[in-house]
Structures are given as C-alpha cells and as structure tokens.
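> Attaching a single structure in structure tokens format; questions to follow.
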Amino acid sequence: MVSSKHTKRALLASVLSVVLCCAMLIGGTFAWFTDSVTNTGNRIVAGNLEIDLIMDKEGTGTYTSIADGEGDIFKDATVAQNSNATLWEPGKTQIVYLGVQNKGSLALKYNLLLNVTDNGLAGALEYAVLDGKKAADLTGVTSWEELTNLEGAQTGDIKAGTMTAAPNGCLDEIVNGVKDETDYFALAVHMKEEAGNEFQDKNIVIDVTVSATQAAAESDSFDNTYDEKAWADLEDILSRTEVADAEKMQTAIDAGEKVLLTENISASFTDIFSSSPGTKKVVEIKDGTDINLGNNIISIQSQSGYNGIYLEGTKTNYTAKLSNGTIIKDKSAGSSGATVVAIRSTLILENMTITAKNGTAKEGPYAVRAEGLQDTKIILRNCTVNGNVMVGSGAVLEAEGTTIKGVLNVMNGGTAILDNSTYDSKSGDGTVTEK
C-alpha cells in the first residue's frame, strides 16, 4: 500500500515536471517570436536646392538679397528716381559687388548669366568678372585697364541674348556642415572709349541670372556621382540660343547654333519661304541642327502637300536632332508631304509628339516620312506619332519606346526596327523587326 502511494506520487511528479517543461518551452518560443528592437527618432528628409543672389549696394561690405528684384543692378544716381536706367558715355565703368549664396541643404554648381536685351548699345559695351572680389579689394583700382589686368579677370564683349559671364561655380561645403556658403565677385561693365555717335540715344537692359543644379558632392550607398546628369543637362540648356519665333529659329539653324524654344511658335510657308514659292518645305533644318523645343509646340501651317520640318543631306553623316516638344502640321498629304521628313540623312526625334491632321492621303496624313533613298534614317526615341509613318525603299526607321497611332507603311526595300514600340496597323512589303 505504501509502495502504491509512492508510485502514484512519483507518477504525479513526473507528469507535473513534463507539464512544467512544456510550459517553459512554450513560453520561451513565444518570447522569441514576439521579441522586438525599436530605434526611434529616424526621419528621411529630401534635400532642397536653394540659392540667393546678394549685392553690396553701398560698397560697405553689407550684402542684401536682390533675388527677384528690379533695378538693383547698374542704376545711376543721376537718372530719375525709380528709374532702372543708367546713363552711359564713352569711357564710363560701373562696378557692382554680388554674391551667390547656398541657402539650401544640397551642394550645387551654378553659372552666372547675363540676359541682354539690346536696343542698339551692345556693340559699345564690354564686361569683366572678378572672382572673390569685394568693394574693399578694389579700393586702389582707378581705371578699366587696371581692373581687367587683375589676376583671374574674365572679360568679354556684351552681346544680345544670354551670355555665360562666370561659368562652373561650385558651392559644396554643405557636406562639411558649412551653411550659407557664398561666392563673392565683382561685375563691371565698361563703355568703350571709341564708341561713336551711332550709339547716342540707344539703350540696353542687362539682367543677371544665376542658374544652379545639384553638384556631385553628396554620396549615396555607392558613390557621389548619382546626380552628374543634372549638371550635364543644365550645361546643354545654357549652350543654346533662345528663340521665340519661327524666323529667329530659322536664322539660328542657318547659323549652325543649337536652339532652345522659349514659347510656342507658329511657322508658315509664306513666313519662311515667301521668296521661293516652289520650295515644298516650311522649316529647313541642316546637318548638325539641334533643337530643344523646351516642351513647347511648333505649329506648322502650309498648303497640302508641303513638308514641315525637312532635312535633306548629300552624304551619310548628315544628322539632325529635335527633342522635348510637339510638332503639329495642319495639312499633310501622304503622297507628297509630311510633318517631318528626312532624305539622305539621319533625323533623330527624342521625347517628341509628332502630329499630322487634315490630310487627304489614301491612308491618312503622314506625320513621319523617311524618303525612299539609301542613307536615309529616322530614329524615334520615346515618341508619340499621331498619324502615319512612311518608310521608303532603302530607308530605315528605328523606333524605341514609341507609339504610332496610325499605319506603319514600310515599302519593299525599306526596314523598320521596333523596340518596345507599337502601331495601329501596317502595310507594305518591307522588313519589320519587332523586339
């Protein structure tokens, strides 16, 4: 009997031990799965790019902001109050003391631009930029010759349009904790002594602009080069001639200048080729033409059958490019005209919308036409084509990331290579390769 009690107690103890072990195991497993580590107070904040243009108006060393101001630069005390003008005469020099200040949290590069609106006076004026100079640094300078002979002086003639007076400035000490880093400089404008009577009663407007983009200073998890493209894009924009009408665009094209449209423009047959009515083109581009439409529209108005943007070369290395905008042609007969045309040359269209409307061709109006000759190529990159595309015999069309809302007509002997591109329908016996 005693033995039986001991046995029951031992068995009970064993059961309780097992239960306790299970409970401990369950508790330990539960604790492992529910354990947590918390790190509080973390934030992800986007950096901001902000600059300020400052000026020492009195030459005392005290600088104040003139961003978005009017009449702060090159103002003459002898001119009527509240006037933005200055009275120029041969030999006169005016110096202003400016600074570019980094007010944001990102390193930046900048260019100092002079935006010149000339009303007949530009040919008489020249400028000088002296990096790092304040009013106190030029106390002993008494002539234009002394000024321009100072070490590092950047000089040039004042010309109409946008001029880069001081390129490639850099404010990048924000990465080392320096706030409000500032580059100081003196900007001087001088009227040439030899300026004659032809400049009397003429005037000029000089605006100062600072264009900035993020510099390759901050690092990500790989390196500090992730924002280099932004600077390259800015440099490209600054290298272009700004135009706001069709005639100036054609003049810049003829002069071989890279073009930036600043607003929507309208080009008509009579405006551009009024002296040669038999020429079936409205805007004639050339080898090396590079037009950035600046997200604006070129509206082409002409008779049916006339080409809009027209590139004709005589050898295989003729190349032209249009980018970042829209071209619309109001009448575009498929058999004899198109919105854009290339012949014996290479035409690159990038980030463009090309539209043809109100045409009378059998398959509708042609928006893009690669003429049927050897050495003709049209390249479409990230484009939308509202209208039909013609690829003539011997010609090549390369399309990447492009939507053709119309018929792709590839004639026998023509070639179309499509990479991630679509079309509504196709015709012709040419070669079409789709990737």
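Every chain in the structure tokens takes a letter, A first, then B, and so on in the order presented; its residues are numbered from 1, and the ligands are numbered from 1 following the presented order.
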Env of Thr241 (chain A): 8 Å cut, atoms = only C-alpha atoms, seq-sep filter 4 positions within chain, self excluded. Answer as a list in words.
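What passes the distance filter is Gly161, Thr162, Ala252, Glu257, Lys258, Val259 and Leu260 of chain A.
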> Can you list, as a PyMOL selection string, every protein, DNA or RNA residue that comes within 8 Å of Ser299 (chain A) when you count only C-alpha atoms, leaving out same-chain residues fewer than 5 positions away?
chain A and resi 264-267+327-330
> Which residues, written as an mmCIF file with N, CA, C and O atoms, in the first residue's frame, have at least one atom at most 10 Å from Ser421 (chain A), with only C-alpha atoms counted and residues fewer than 3 positions away on the same chain left out?

data_model
loop_
_atom_site.group_PDB
_atom_site.id
_atom_site.type_symbol
_atom_site.label_atom_id
_atom_site.label_comp_id
_atom_site.auth_asym_id
_atom_site.auth_seq_id
_atom_site.Cartn_x
_atom_site.Cartn_y
_atom_site.Cartn_z
ATOM 1 N N LEU A 380 13.259 57.290 -83.754
ATOM 2 C CA LEU A 380 12.242 57.767 -82.818
ATOM 3 C C LEU A 380 12.533 57.178 -81.441
ATOM 4 O O LEU A 380 12.544 55.959 -81.273
ATOM 5 N N ARG A 381 12.748 58.041 -80.460
ATOM 6 C CA ARG A 381 13.000 57.581 -79.092
ATOM 7 C C ARG A 381 11.961 58.199 -78.164
ATOM 8 O O ARG A 381 11.885 59.419 -78.030
ATOM 9 N N ASN A 382 11.164 57.344 -77.547
ATOM 10 C CA ASN A 382 10.145 57.806 -76.593
ATOM 11 C C ASN A 382 9.246 58.870 -77.216
ATOM 12 O O ASN A 382 9.067 59.958 -76.668
ATOM 13 N N CYS A 383 8.698 58.525 -78.370
ATOM 14 C CA CYS A 383 7.853 59.458 -79.110
ATOM 15 C C CYS A 383 6.422 58.946 -79.215
ATOM 16 O O CYS A 383 6.172 57.745 -79.082
ATOM 17 N N THR A 384 5.507 59.876 -79.475
ATOM 18 C CA THR A 384 4.137 59.545 -79.849
ATOM 19 C C THR A 384 3.882 60.152 -81.216
ATOM 20 O O THR A 384 4.075 61.358 -81.411
ATOM 21 N N GLU A 398 14.090 53.411 -87.024
ATOM 22 C CA GLU A 398 14.368 52.772 -85.736
ATOM 23 C C GLU A 398 13.478 53.444 -84.695
ATOM 24 O O GLU A 398 13.521 54.667 -84.540
ATOM 25 N N ALA A 399 12.662 52.648 -84.004
ATOM 26 C CA ALA A 399 11.747 53.196 -83.001
ATOM 27 C C ALA A 399 11.980 52.494 -81.671
ATOM 28 O O ALA A 399 12.007 51.268 -81.606
ATOM 29 N N GLU A 400 12.135 53.293 -80.619
ATOM 30 C CA GLU A 400 12.339 52.754 -79.270
ATOM 31 C C GLU A 400 11.370 53.446 -78.315
ATOM 32 O O GLU A 400 11.342 54.667 -78.220
ATOM 33 N N GLY A 401 10.554 52.642 -77.612
ATOM 34 C CA GLY A 401 9.599 53.209 -76.668
ATOM 35 C C GLY A 401 8.634 54.168 -77.308
ATOM 36 O O GLY A 401 8.253 55.171 -76.705
ATOM 37 N N THR A 402 8.190 53.859 -78.529
ATOM 38 C CA THR A 402 7.391 54.792 -79.324
ATOM 39 C C THR A 402 6.026 54.209 -79.658
ATOM 40 O O THR A 402 5.903 53.007 -79.928
ATOM 41 N N THR A 403 5.008 55.060 -79.653
ATOM 42 C CA THR A 403 3.648 54.669 -80.027
ATOM 43 C C THR A 403 3.268 55.364 -81.328
ATOM 44 O O THR A 403 3.300 56.598 -81.411
ATOM 45 N N ILE A 404 2.928 54.558 -82.338
ATOM 46 C CA ILE A 404 2.480 55.090 -83.626
ATOM 47 C C ILE A 404 0.974 54.900 -83.715
ATOM 48 O O ILE A 404 0.491 53.768 -83.820
ATOM 49 N N ILE A 417 12.758 48.827 -87.533
ATOM 50 C CA ILE A 417 13.216 48.067 -86.367
ATOM 51 C C ILE A 417 12.532 48.677 -85.150
ATOM 52 O O ILE A 417 12.784 49.835 -84.807
ATOM 53 N N LEU A 418 11.660 47.905 -84.515
ATOM 54 C CA LEU A 418 10.839 48.414 -83.419
ATOM 55 C C LEU A 418 11.253 47.758 -82.107
ATOM 56 O O LEU A 418 11.238 46.532 -81.984
ATOM 57 N N GLU A 434 10.484 43.334 -84.811
ATOM 58 C CA GLU A 434 9.985 43.785 -83.511
ATOM 59 C C GLU A 434 10.727 43.075 -82.396
ATOM 60 O O GLU A 434 10.870 41.861 -82.416
ATOM 61 N N LYS A 435 11.175 43.857 -81.421
ATOM 62 C CA LYS A 435 11.897 43.296 -80.273
ATOM 63 C C LYS A 435 11.002 43.289 -79.050
ATOM 64 O O LYS A 435 10.181 44.180 -78.872
#
> List the neighbours of Ala136 (chain A) out to 10 Å using only C-alpha atoms; skip same-chain residues closer than 3 positions along the sequence, and give me the result as number ranges by chain.
A: 59-61, 133, 139-140
> Taking 4 positions as the minimum chain separation for residues in the same chain, which residues sit within 9 Å of Lys134 (chain A) when counting only C-alpha atoms? Answer as a PyMOL selection string.
chain A and resi 56+59+61+97-98+138+184-186
> Report as a PyMOL selection string: the residues of region 166-224 of chain A with a DSSP assignment of helix (DSSP H, G or I), based on the backbone of this structure.
chain A and resi 173-176+197-199
> Quick one: write out the picked residues with all heavy atoms as a PDB file, in the first residue's frame?

ATOM      1  N   GLU A 173      30.371  73.108 -49.769  1.00  0.00           N
ATOM      2  CA  GLU A 173      30.821  72.902 -48.395  1.00  0.00           C
ATOM      3  C   GLU A 173      29.700  72.512 -47.439  1.00  0.00           C
ATOM      4  O   GLU A 173      29.944  72.277 -46.257  1.00  0.00           O
ATOM      5  CB  GLU A 173      31.532  74.156 -47.887  1.00  0.00           C
ATOM      6  CG  GLU A 173      32.930  74.331 -48.446  1.00  0.00           C
ATOM      7  CD  GLU A 173      33.826  73.155 -48.096  1.00  0.00           C
ATOM      8  OE1 GLU A 173      33.944  72.818 -46.907  1.00  0.00           O
ATOM      9  OE2 GLU A 173      34.400  72.554 -49.026  1.00  0.00           O
ATOM     10  N   ILE A 174      28.456  72.451 -47.957  1.00  0.00           N
ATOM     11  CA  ILE A 174      27.358  71.986 -47.111  1.00  0.00           C
ATOM     12  C   ILE A 174      27.621  70.581 -46.613  1.00  0.00           C
ATOM     13  O   ILE A 174      27.154  70.181 -45.541  1.00  0.00           O
ATOM     14  CB  ILE A 174      26.015  72.071 -47.879  1.00  0.00           C
ATOM     15  CG1 ILE A 174      24.834  71.844 -46.941  1.00  0.00           C
ATOM     16  CG2 ILE A 174      25.983  71.093 -49.035  1.00  0.00           C
ATOM     17  CD1 ILE A 174      24.586  72.955 -45.976  1.00  0.00           C
ATOM     18  N   VAL A 175      28.370  69.785 -47.400  1.00  0.00           N
ATOM     19  CA  VAL A 175      28.672  68.409 -46.984  1.00  0.00           C
ATOM     20  C   VAL A 175      29.603  68.396 -45.776  1.00  0.00           C
ATOM     21  O   VAL A 175      29.714  67.398 -45.079  1.00  0.00           O
ATOM     22  CB  VAL A 175      29.282  67.602 -48.147  1.00  0.00           C
ATOM     23  CG1 VAL A 175      28.313  67.486 -49.308  1.00  0.00           C
ATOM     24  CG2 VAL A 175      30.602  68.214 -48.608  1.00  0.00           C
ATOM     25  N   ASN A 176      30.283  69.517 -45.528  1.00  0.00           N
ATOM     26  CA  ASN A 176      31.152  69.642 -44.356  1.00  0.00           C
ATOM     27  C   ASN A 176      30.521  70.472 -43.256  1.00  0.00           C
ATOM     28  O   ASN A 176      31.191  70.897 -42.321  1.00  0.00           O
ATOM     29  CB  ASN A 176      32.493  70.266 -44.764  1.00  0.00           C
ATOM     30  CG  ASN A 176      33.263  69.389 -45.724  1.00  0.00           C
ATOM     31  OD1 ASN A 176      33.298  68.161 -45.557  1.00  0.00           O
ATOM     32  ND2 ASN A 176      33.882  69.986 -46.724  1.00  0.00           N
ATOM     33  N   ASN A 197      29.085 108.339 -82.294  1.00  0.00           N
ATOM     34  CA  ASN A 197      27.771 108.954 -82.199  1.00  0.00           C
ATOM     35  C   ASN A 197      26.629 108.012 -82.557  1.00  0.00           C
ATOM     36  O   ASN A 197      25.467 108.284 -82.236  1.00  0.00           O
ATOM     37  CB  ASN A 197      27.705 110.183 -83.110  1.00  0.00           C
ATOM     38  CG  ASN A 197      28.567 111.332 -82.606  1.00  0.00           C
ATOM     39  OD1 ASN A 197      28.842 111.406 -81.403  1.00  0.00           O
ATOM     40  ND2 ASN A 197      29.002 112.194 -83.506  1.00  0.00           N
ATOM     41  N   GLU A 198      26.947 106.923 -83.242  1.00  0.00           N
ATOM     42  CA  GLU A 198      25.882 105.994 -83.626  1.00  0.00           C
ATOM     43  C   GLU A 198      25.215 105.348 -82.408  1.00  0.00           C
ATOM     44  O   GLU A 198      24.138 104.755 -82.514  1.00  0.00           O
ATOM     45  CB  GLU A 198      26.436 104.908 -84.555  1.00  0.00           C
ATOM     46  CG  GLU A 198      27.412 103.928 -83.921  1.00  0.00           C
ATOM     47  CD  GLU A 198      28.859 104.393 -84.010  1.00  0.00           C
ATOM     48  OE1 GLU A 198      29.081 105.628 -84.156  1.00  0.00           O
ATOM     49  OE2 GLU A 198      29.752 103.547 -83.945  1.00  0.00           O
ATOM     50  N   PHE A 199      25.847 105.469 -81.236  1.00  0.00           N
ATOM     51  CA  PHE A 199      25.276 104.871 -80.037  1.00  0.00           C
ATOM     52  C   PHE A 199      24.473 105.868 -79.195  1.00  0.00           C
ATOM     53  O   PHE A 199      23.959 105.496 -78.134  1.00  0.00           O
ATOM     54  CB  PHE A 199      26.398 104.257 -79.180  1.00  0.00           C
ATOM     55  CG  PHE A 199      27.095 103.103 -79.864  1.00  0.00           C
ATOM     56  CD1 PHE A 199      28.370 103.261 -80.376  1.00  0.00           C
ATOM     57  CD2 PHE A 199      26.451 101.876 -80.005  1.00  0.00           C
ATOM     58  CE1 PHE A 199      29.014 102.218 -81.010  1.00  0.00           C
ATOM     59  CE2 PHE A 199      27.086 100.825 -80.640  1.00  0.00           C
ATOM     60  CZ  PHE A 199      28.371 100.983 -81.149  1.00  0.00           C
TER      61      PHE A 199
END
> Near Lys405 (chain A), counting only C-alpha atoms, which residues have an atom at most 9 Å away, once you skip same-chain residues fewer than 5 positions from it, shown as a VMD selection string?
chain A and resid 384 to 388 422 to 425
> Using only C-alpha atoms, find the one residue out of A:Lys286, A:Ala107, A:Tyr306, A:Ala338 that sits nearest to Tyr318 (chain A).
A:Lys286
> Between A:Ile204, A:Ala135, A:Ala67, A:Val141, single out the one closest to Val116 (chain A), counting only C-alpha atoms.
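Selected residue with least distance to Val116 (chain A): A:Ile204.
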> Choose the residue, out of A:Glu146, A:Asp52, A:Glu58, A:Glu193, that has the smallest atom-to-atom separation from Leu112 (chain A); count only C-alpha atoms.
A:Asp52
> Pick from A:Leu322, A:Met55, A:Ile73, A:Ala124: nearest to Pro90 (chain A), with only C-alpha atoms counted?
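Comparing A:Leu322, A:Met55, A:Ile73, A:Ala124 against Pro90 (chain A), the winner is A:Ala124.
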> Calculated over only C-alpha atoms, which of the candidates A:Ser211, A:Thr251, A:Thr86, A:Asn295 has the smallest distance to Asn115 (chain A)?
A:Ser211
> Can you list, as a ChimeraX atom specification, every residue of region 113-352 of chain A that DSSP puts in strand (DSSP E)?
/A:113-119,125-131,154-157,161-171,182-191,203-214,241-243,259-261,265-268,281-285,290-301,307-312,319-329,340-343,346-352
> Determine the nearest neighbour of Met191 (chain A) from the options A:Leu397, A:Leu121, A:Met163, A:Ile206, counting only C-alpha atoms.
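Comparing A:Leu397, A:Leu121, A:Met163, A:Ile206 against Met191 (chain A), the winner is A:Leu121.
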> Any idea what the distance is between CA of Gln94 (chain A) and CA of Leu187 (chain A)?
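Between CA of Gln94 (chain A) and CA of Leu187 (chain A) the gap works out to 8.3 Å.
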> Would you mind reading off the distance between CA of Val283 (chain A) and CA of Gly413 (chain A), one decimal, in Å?
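Interatomic distance here is 28.4 Å.
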